Amino acid sequence: MIITILCVDKNWGIGKRNGLLFTLPKDMKFFRETTLNHVVAMGENTLLSFPNSKPLKNRTHIVLSQDESHNYEGVENVHDFDEFLKRIAEHAQNEDVYIIGGASVYRQTLPFVDQVLLTKVDAVGGAELFFPNLDEDNYFEVVKESDWEDDNGFKIKFLTYKNKHPQKIRI
């Protein structure tokens with residue numbers, strides 16, 4: 001399966017200054033436990049936002065960079081979006097692949113994902129970048145939703161959206 005995983009604020013904001021909007025330990029634990037020992041696919045800026053710009057432990061990384069001179073250690077470097085999609089599809093034949101950002105990668109891969117694992121925060125985070133509002137998208141439906149809970153002073157809930165008509169990636 002191809003799965004997008006992310007956190008949004010009330011306005012579907014996802015980030016500012018190449019960083020997260022909130023510090024949410026429960027959300028980070030969910031992300032860590034969900035993606036552990038799986039494939040994560042991302043744009044270059046997402047990799048650079050990690051501590052010391054290093055890949056996350058115990059995951060396979062596919063990183064898209066438009067600059068062919070940018071190649072990072074310990075990841076599958078890809079420099080073309082079609083090749084990025086092909087790598088995702090190849091891995092997804094045998095295991096789950098998680099799309100983890102950034103905004104451009106989220107937007108471009110959304111038609112191909114099977115599910116979106118979304119953490120909603122009942123607050124406005126002053127975002128500069130936004131995710132499409134899936135509640136207004138006829139292709140997506142909520143299939144699982146938690147109750148609101150506290151996380152570091154914020155109310156959050158976890159939702160699973162299913163893509164009713166995912167496009168297939170040609171390998």
# chains A, B, ... in the order shown; residues from 1 in each chain; ligands from 1
>>> select_by_dssp(residues="chain A", states="strand (DSSP E or B)", output="number ranges by chain")
A: 2-8, 13-16, 19, 39-43, 60-64, 76-78, 97-99, 115-121, 129-130, 140-145, 149-151, 154-163
>>> residues_around(residues="Lys162 of chain A", least_positions_apart="6", cutoff="10 Å", atoms="only C-alpha atoms", output="list in words")
Ile3, Val113, Asp114, Gln115, Val116, Leu117, Leu134, Tyr139, Phe140, Glu141, Val142, Val143 and Lys144 of chain A
>>> write_last_selection(atoms="N, CA and C atoms", output="tab-separated table (two decimals), in the first residue's frame")
chain	number	residue	atom	x	y	z
A	3	ILE	N	0.84	5.02	1.41
A	3	ILE	CA	0.13	5.72	2.48
A	3	ILE	C	0.80	7.06	2.75
A	113	VAL	N	-2.07	7.56	-3.75
A	113	VAL	CA	-2.05	6.90	-2.44
A	113	VAL	C	-3.34	6.13	-2.19
A	114	ASP	N	-3.20	5.06	-1.40
A	114	ASP	CA	-4.36	4.26	-1.02
A	114	ASP	C	-5.05	4.84	0.22
A	115	GLN	N	-4.21	5.38	1.12
A	115	GLN	CA	-4.73	5.92	2.38
A	115	GLN	C	-3.95	7.17	2.77
A	116	VAL	N	-4.59	7.96	3.62
A	116	VAL	CA	-3.92	9.09	4.28
A	116	VAL	C	-4.14	8.92	5.77
A	117	LEU	N	-3.04	8.83	6.52
A	117	LEU	CA	-3.09	8.80	7.98
A	117	LEU	C	-2.85	10.22	8.44
A	134	LEU	N	-9.10	17.23	2.62
A	134	LEU	CA	-9.69	15.95	2.21
A	134	LEU	C	-11.17	15.85	2.54
A	139	TYR	N	-12.96	12.11	-3.62
A	139	TYR	CA	-12.20	10.88	-3.79
A	139	TYR	C	-11.80	10.26	-2.45
A	140	PHE	N	-11.90	11.01	-1.37
A	140	PHE	CA	-11.46	10.53	-0.06
A	140	PHE	C	-12.62	10.47	0.92
A	141	GLU	N	-12.59	9.42	1.76
A	141	GLU	CA	-13.59	9.29	2.81
A	141	GLU	C	-12.91	8.84	4.10
A	142	VAL	N	-13.43	9.33	5.22
A	142	VAL	CA	-12.91	8.92	6.52
A	142	VAL	C	-13.42	7.51	6.81
A	143	VAL	N	-12.47	6.61	7.12
A	143	VAL	CA	-12.86	5.24	7.44
A	143	VAL	C	-12.53	4.89	8.90
A	144	LYS	N	-11.79	5.76	9.56
A	144	LYS	CA	-11.46	5.56	10.97
A	144	LYS	C	-11.16	6.92	11.59
>>> atom_distance(atom1="atom CA of Lys86 of chain A", atom2="atom CA of Arg59 of chain A")
18.4 Å
>>> residues_around(residues="segment 26-29 of chain A", least_positions_apart="2", cutoff="9 Å", atoms="only C-alpha atoms", output="list of chain:residue names")
A:Cys7, A:Thr23, A:Leu24, A:Phe31, A:Arg32, A:Glu33, A:Thr34, A:Thr119, A:Asp150, A:Asp151, A:Asn152, A:Ile156, A:Phe158
>>> write_last_selection(atoms="C-alpha atoms", output="PDB file, in the first residue's frame")
ATOM      1  CA  CYS A   7      -0.249  16.308  10.718  1.00  0.00           C
ATOM      2  CA  THR A  23       5.604  19.723  19.144  1.00  0.00           C
ATOM      3  CA  LEU A  24       3.311  16.752  19.664  1.00  0.00           C
ATOM      4  CA  PHE A  31       4.660   8.483  13.220  1.00  0.00           C
ATOM      5  CA  ARG A  32       7.698   6.648  14.574  1.00  0.00           C
ATOM      6  CA  GLU A  33       5.843   3.414  15.352  1.00  0.00           C
ATOM      7  CA  THR A  34       3.854   3.456  12.097  1.00  0.00           C
ATOM      8  CA  THR A 119      -3.373  13.835  12.707  1.00  0.00           C
ATOM      9  CA  ASP A 150      -4.578  16.048  24.712  1.00  0.00           C
ATOM     10  CA  ASP A 151      -1.032  16.208  23.345  1.00  0.00           C
ATOM     11  CA  ASN A 152       1.350  18.758  24.845  1.00  0.00           C
ATOM     12  CA  ILE A 156      -5.529  16.162  18.493  1.00  0.00           C
ATOM     13  CA  PHE A 158      -6.123  10.578  14.410  1.00  0.00           C
TER      14      PHE A 158
END
>>> closest_residue(among="A:Ala92, A:Leu21, A:Leu36, A:Leu6", to="Leu159 of chain A", atoms="only C-alpha atoms")
A:Leu6
>>> select_by_dssp(residues="segment 15-169 of chain A", states="helix (DSSP H, G or I)", output="ChimeraX atom specification")
/A:25-35,44-49,51-53,81-92,103-112,134-136
>>> write_last_selection(atoms="C-alpha atoms", output="PDB file, in the first residue's frame")
ATOM      1  CA  PRO A  25       4.857  13.742  21.445  1.00  0.00           C
ATOM      2  CA  LYS A  26       1.845  11.449  20.830  1.00  0.00           C
ATOM      3  CA  ASP A  27       1.809  12.323  17.136  1.00  0.00           C
ATOM      4  CA  MET A  28       5.584  11.781  16.872  1.00  0.00           C
ATOM      5  CA  LYS A  29       5.244   8.405  18.620  1.00  0.00           C
ATOM      6  CA  PHE A  30       2.485   7.438  16.178  1.00  0.00           C
ATOM      7  CA  PHE A  31       4.660   8.483  13.220  1.00  0.00           C
ATOM      8  CA  ARG A  32       7.698   6.648  14.574  1.00  0.00           C
ATOM      9  CA  GLU A  33       5.843   3.414  15.352  1.00  0.00           C
ATOM     10  CA  THR A  34       3.854   3.456  12.097  1.00  0.00           C
ATOM     11  CA  THR A  35       6.803   4.032   9.751  1.00  0.00           C
ATOM     12  CA  GLU A  44      14.955  16.676  -0.283  1.00  0.00           C
ATOM     13  CA  ASN A  45      13.875  19.430   2.123  1.00  0.00           C
ATOM     14  CA  THR A  46      12.120  16.887   4.334  1.00  0.00           C
ATOM     15  CA  LEU A  47      15.354  14.905   4.657  1.00  0.00           C
ATOM     16  CA  LEU A  48      17.236  18.119   5.436  1.00  0.00           C
ATOM     17  CA  SER A  49      14.729  18.939   8.211  1.00  0.00           C
ATOM     18  CA  PRO A  51      18.237  15.987  12.992  1.00  0.00           C
ATOM     19  CA  ASN A  52      21.682  16.461  11.395  1.00  0.00           C
ATOM     20  CA  SER A  53      19.970  16.017   7.979  1.00  0.00           C
ATOM     21  CA  PHE A  81       9.482  12.644 -10.367  1.00  0.00           C
ATOM     22  CA  ASP A  82       8.450   9.789 -12.677  1.00  0.00           C
ATOM     23  CA  GLU A  83      11.389   7.725 -11.397  1.00  0.00           C
ATOM     24  CA  PHE A  84      10.364   8.660  -7.833  1.00  0.00           C
ATOM     25  CA  LEU A  85       6.867   7.269  -8.483  1.00  0.00           C
ATOM     26  CA  LYS A  86       8.322   4.103 -10.023  1.00  0.00           C
ATOM     27  CA  ARG A  87      10.533   3.475  -6.987  1.00  0.00           C
ATOM     28  CA  ILE A  88       7.547   3.948  -4.700  1.00  0.00           C
ATOM     29  CA  ALA A  89       5.463   1.514  -6.782  1.00  0.00           C
ATOM     30  CA  GLU A  90       8.268  -1.066  -6.879  1.00  0.00           C
ATOM     31  CA  HIS A  91       8.612  -1.040  -3.090  1.00  0.00           C
ATOM     32  CA  ALA A  92       4.815  -1.012  -2.629  1.00  0.00           C
ATOM     33  CA  ALA A 103       4.113  19.878   0.536  1.00  0.00           C
ATOM     34  CA  SER A 104       4.975  19.433  -3.150  1.00  0.00           C
ATOM     35  CA  VAL A 105       5.561  15.682  -2.766  1.00  0.00           C
ATOM     36  CA  TYR A 106       2.309  15.327  -0.808  1.00  0.00           C
ATOM     37  CA  ARG A 107       0.365  17.205  -3.489  1.00  0.00           C
ATOM     38  CA  GLN A 108       1.884  15.345  -6.455  1.00  0.00           C
ATOM     39  CA  THR A 109       1.563  11.849  -4.950  1.00  0.00           C
ATOM     40  CA  LEU A 110      -1.942  12.270  -3.492  1.00  0.00           C
ATOM     41  CA  PRO A 111      -3.780  10.789  -6.519  1.00  0.00           C
ATOM     42  CA  PHE A 112      -1.717   7.577  -6.171  1.00  0.00           C
ATOM     43  CA  LEU A 134      -9.691  15.950   2.207  1.00  0.00           C
ATOM     44  CA  ASP A 135     -13.057  16.649   3.838  1.00  0.00           C
ATOM     45  CA  GLU A 136     -13.983  18.521   0.646  1.00  0.00           C
TER      46      GLU A 136
END
>>> closest_residue(among="A:Pro55, A:Gly15, A:Gly101, A:Pro166", to="Gly74 of chain A", atoms="only C-alpha atoms")
A:Pro55
>>> atom_distance(atom1="atom CA of Asn163 of chain A", atom2="atom CA of Val97 of chain A")
15.1 Å
>>> decode(residues="segment 59-92 of chain A", atoms="N, CA and C atoms", output="PDB file, in the first residue's frame")
ATOM      1  N   ARG A  59      14.571   2.513   8.631  1.00  0.00           N
ATOM      2  CA  ARG A  59      13.633   2.742   7.538  1.00  0.00           C
ATOM      3  C   ARG A  59      14.436   2.817   6.246  1.00  0.00           C
ATOM      4  N   THR A  60      13.807   2.448   5.143  1.00  0.00           N
ATOM      5  CA  THR A  60      14.387   2.654   3.818  1.00  0.00           C
ATOM      6  C   THR A  60      13.881   4.002   3.322  1.00  0.00           C
ATOM      7  N   HIS A  61      14.774   4.847   2.826  1.00  0.00           N
ATOM      8  CA  HIS A  61      14.410   6.197   2.390  1.00  0.00           C
ATOM      9  C   HIS A  61      14.533   6.334   0.872  1.00  0.00           C
ATOM     10  N   ILE A  62      13.497   6.889   0.262  1.00  0.00           N
ATOM     11  CA  ILE A  62      13.553   7.306  -1.138  1.00  0.00           C
ATOM     12  C   ILE A  62      13.479   8.831  -1.105  1.00  0.00           C
ATOM     13  N   VAL A  63      14.495   9.494  -1.639  1.00  0.00           N
ATOM     14  CA  VAL A  63      14.559  10.956  -1.564  1.00  0.00           C
ATOM     15  C   VAL A  63      14.617  11.542  -2.972  1.00  0.00           C
ATOM     16  N   LEU A  64      13.677  12.436  -3.250  1.00  0.00           N
ATOM     17  CA  LEU A  64      13.614  13.136  -4.530  1.00  0.00           C
ATOM     18  C   LEU A  64      14.313  14.481  -4.409  1.00  0.00           C
ATOM     19  N   SER A  65      15.306  14.697  -5.268  1.00  0.00           N
ATOM     20  CA  SER A  65      15.977  15.994  -5.366  1.00  0.00           C
ATOM     21  C   SER A  65      16.031  16.374  -6.838  1.00  0.00           C
ATOM     22  N   GLN A  66      15.632  17.580  -7.147  1.00  0.00           N
ATOM     23  CA  GLN A  66      15.676  18.037  -8.539  1.00  0.00           C
ATOM     24  C   GLN A  66      17.105  18.278  -9.005  1.00  0.00           C
ATOM     25  N   ASP A  67      18.025  18.467  -8.071  1.00  0.00           N
ATOM     26  CA  ASP A  67      19.425  18.733  -8.400  1.00  0.00           C
ATOM     27  C   ASP A  67      20.197  17.422  -8.449  1.00  0.00           C
ATOM     28  N   GLU A  68      20.653  17.042  -9.641  1.00  0.00           N
ATOM     29  CA  GLU A  68      21.332  15.755  -9.809  1.00  0.00           C
ATOM     30  C   GLU A  68      22.654  15.665  -9.057  1.00  0.00           C
ATOM     31  N   SER A  69      23.189  16.797  -8.628  1.00  0.00           N
ATOM     32  CA  SER A  69      24.441  16.759  -7.860  1.00  0.00           C
ATOM     33  C   SER A  69      24.189  16.494  -6.375  1.00  0.00           C
ATOM     34  N   HIS A  70      22.918  16.511  -5.978  1.00  0.00           N
ATOM     35  CA  HIS A  70      22.574  16.254  -4.573  1.00  0.00           C
ATOM     36  C   HIS A  70      22.290  14.773  -4.376  1.00  0.00           C
ATOM     37  N   ASN A  71      23.227  14.087  -3.754  1.00  0.00           N
ATOM     38  CA  ASN A  71      23.080  12.669  -3.443  1.00  0.00           C
ATOM     39  C   ASN A  71      23.440  12.483  -1.988  1.00  0.00           C
ATOM     40  N   TYR A  72      22.548  11.836  -1.253  1.00  0.00           N
ATOM     41  CA  TYR A  72      22.714  11.698   0.191  1.00  0.00           C
ATOM     42  C   TYR A  72      23.054  10.260   0.552  1.00  0.00           C
ATOM     43  N   GLU A  73      23.850  10.140   1.592  1.00  0.00           N
ATOM     44  CA  GLU A  73      24.282   8.838   2.063  1.00  0.00           C
ATOM     45  C   GLU A  73      23.134   8.107   2.763  1.00  0.00           C
ATOM     46  N   GLY A  74      23.028   6.812   2.497  1.00  0.00           N
ATOM     47  CA  GLY A  74      22.058   5.985   3.199  1.00  0.00           C
ATOM     48  C   GLY A  74      20.637   6.075   2.700  1.00  0.00           C
ATOM     49  N   VAL A  75      20.438   6.656   1.509  1.00  0.00           N
ATOM     50  CA  VAL A  75      19.093   6.770   0.940  1.00  0.00           C
ATOM     51  C   VAL A  75      19.127   6.369  -0.538  1.00  0.00           C
ATOM     52  N   GLU A  76      17.961   6.093  -1.095  1.00  0.00           N
ATOM     53  CA  GLU A  76      17.834   5.911  -2.539  1.00  0.00           C
ATOM     54  C   GLU A  76      17.606   7.299  -3.128  1.00  0.00           C
ATOM     55  N   ASN A  77      18.604   7.822  -3.814  1.00  0.00           N
ATOM     56  CA  ASN A  77      18.515   9.156  -4.408  1.00  0.00           C
ATOM     57  C   ASN A  77      17.842   9.070  -5.769  1.00  0.00           C
ATOM     58  N   VAL A  78      16.845   9.932  -5.985  1.00  0.00           N
ATOM     59  CA  VAL A  78      16.105   9.982  -7.239  1.00  0.00           C
ATOM     60  C   VAL A  78      16.042  11.449  -7.670  1.00  0.00           C
ATOM     61  N   HIS A  79      16.183  11.689  -8.978  1.00  0.00           N
ATOM     62  CA  HIS A  79      16.246  13.071  -9.469  1.00  0.00           C
ATOM     63  C   HIS A  79      15.168  13.405 -10.497  1.00  0.00           C
ATOM     64  N   ASP A  80      14.169  12.538 -10.606  1.00  0.00           N
ATOM     65  CA  ASP A  80      13.104  12.728 -11.570  1.00  0.00           C
ATOM     66  C   ASP A  80      11.803  12.235 -10.940  1.00  0.00           C
ATOM     67  N   PHE A  81      10.721  13.007 -11.052  1.00  0.00           N
ATOM     68  CA  PHE A  81       9.482  12.644 -10.367  1.00  0.00           C
ATOM     69  C   PHE A  81       8.908  11.318 -10.865  1.00  0.00           C
ATOM     70  N   ASP A  82       8.968  11.058 -12.166  1.00  0.00           N
ATOM     71  CA  ASP A  82       8.450   9.789 -12.677  1.00  0.00           C
ATOM     72  C   ASP A  82       9.241   8.613 -12.105  1.00  0.00           C
ATOM     73  N   GLU A  83      10.548   8.765 -11.999  1.00  0.00           N
ATOM     74  CA  GLU A  83      11.389   7.725 -11.397  1.00  0.00           C
ATOM     75  C   GLU A  83      11.050   7.568  -9.910  1.00  0.00           C
ATOM     76  N   PHE A  84      10.783   8.673  -9.240  1.00  0.00           N
ATOM     77  CA  PHE A  84      10.364   8.660  -7.833  1.00  0.00           C
ATOM     78  C   PHE A  84       9.104   7.809  -7.668  1.00  0.00           C
ATOM     79  N   LEU A  85       8.105   8.056  -8.529  1.00  0.00           N
ATOM     80  CA  LEU A  85       6.867   7.269  -8.483  1.00  0.00           C
ATOM     81  C   LEU A  85       7.137   5.789  -8.748  1.00  0.00           C
ATOM     82  N   LYS A  86       8.000   5.502  -9.701  1.00  0.00           N
ATOM     83  CA  LYS A  86       8.322   4.103 -10.023  1.00  0.00           C
ATOM     84  C   LYS A  86       8.969   3.404  -8.835  1.00  0.00           C
ATOM     85  N   ARG A  87       9.882   4.079  -8.163  1.00  0.00           N
ATOM     86  CA  ARG A  87      10.533   3.475  -6.987  1.00  0.00           C
ATOM     87  C   ARG A  87       9.505   3.189  -5.890  1.00  0.00           C
ATOM     88  N   ILE A  88       8.608   4.137  -5.695  1.00  0.00           N
ATOM     89  CA  ILE A  88       7.547   3.948  -4.700  1.00  0.00           C
ATOM     90  C   ILE A  88       6.716   2.711  -5.065  1.00  0.00           C
ATOM     91  N   ALA A  89       6.293   2.629  -6.331  1.00  0.00           N
ATOM     92  CA  ALA A  89       5.463   1.514  -6.782  1.00  0.00           C
ATOM     93  C   ALA A  89       6.199   0.181  -6.666  1.00  0.00           C
ATOM     94  N   GLU A  90       7.483   0.169  -6.992  1.00  0.00           N
ATOM     95  CA  GLU A  90       8.268  -1.066  -6.879  1.00  0.00           C
ATOM     96  C   GLU A  90       8.297  -1.558  -5.433  1.00  0.00           C
ATOM     97  N   HIS A  91       8.591  -0.666  -4.506  1.00  0.00           N
ATOM     98  CA  HIS A  91       8.612  -1.040  -3.090  1.00  0.00           C
ATOM     99  C   HIS A  91       7.222  -1.457  -2.607  1.00  0.00           C
ATOM    100  N   ALA A  92       6.184  -0.756  -3.099  1.00  0.00           N
ATOM    101  CA  ALA A  92       4.815  -1.012  -2.629  1.00  0.00           C
ATOM    102  C   ALA A  92       4.288  -2.381  -3.071  1.00  0.00           C
TER     103      ALA A  92
END
